[in-house]
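J.: This is the structure, below, for whatever I ask next.
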Amino acid sequence: MNHLDPGEEERRLREQYAQMNEDELQAVADYGYELTEIARTTLQSEISQRGLNVKLRDAPPAAPAAETLDESDDLLDSPQPEPEDTEEPEEEEDYVAVCPKCHSSEIVFQGRDAEPATGSTNESKFNWSCDACGHQWKDDGIEEEA
Ligand SMILES: [Zn+2]
């Protein structure tokens, strides 16, 4: 028989609670819903006897659901590498000008039209001619940046 005598348990609990200070009793009371009936009764008795403002909790507090919503922190803590968005344009290095008519690269730069005094460079004023087919045209010149 391993049955604990209720009177014995109460006595043991009473001694235990008697040695606790208010904070400790409060800590126990916070988990009042987990205590045995004897423990609850004994604890309440001890609290009343000391005239403490400690209340036994009857049920576990509502789960703090908000704490699980902070998963975005993980993303901030570990910044993902930017996806490679620097795809090279297809074989456009150096912008090799070709004849727009025959696509020959045998073209000759003939010079530019006289620049307007305003310095505007928006107009097509680069004169080209094609050695291959003799075509002549104008464009904005070779683009400097890729
Ligand atoms: Zn040509």
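Chain identifiers are assigned as A, B, and so on, following the order in which chains appear in the structure tokens; residues are numbered from 1 within each chain, and ligands are numbered from 1 in order of appearance.
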Could you please extract the residues within 12 Å of ligand 1, counting only C-alpha atoms and all ligand atoms, and hand them back as a PyMOL selection string?
T.: chain A and resi 97-108+128-137
J.: Need the shell around A:Asn21: protein/DNA/RNA residues with any atom at most 12 Å away, counting only C-alpha atoms. Skip same-chain ones fewer than 3 positions apart. Format as a count of residues only?
T.: 13
J.: Grab the atom CA of A:Asp58 to atom CA of A:Pro6 distance for me, in Å with one decimal place.
T.: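 Pair atom CA of A:Asp58 / atom CA of A:Pro6 returns 21.3 Å.
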J.: Counting only C-alpha atoms, which of A:Gln49, A:Arg11, A:Asp5, A:Pro60 gets nearest to A:Gly32?
T.: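 Closest candidate: A:Pro60.
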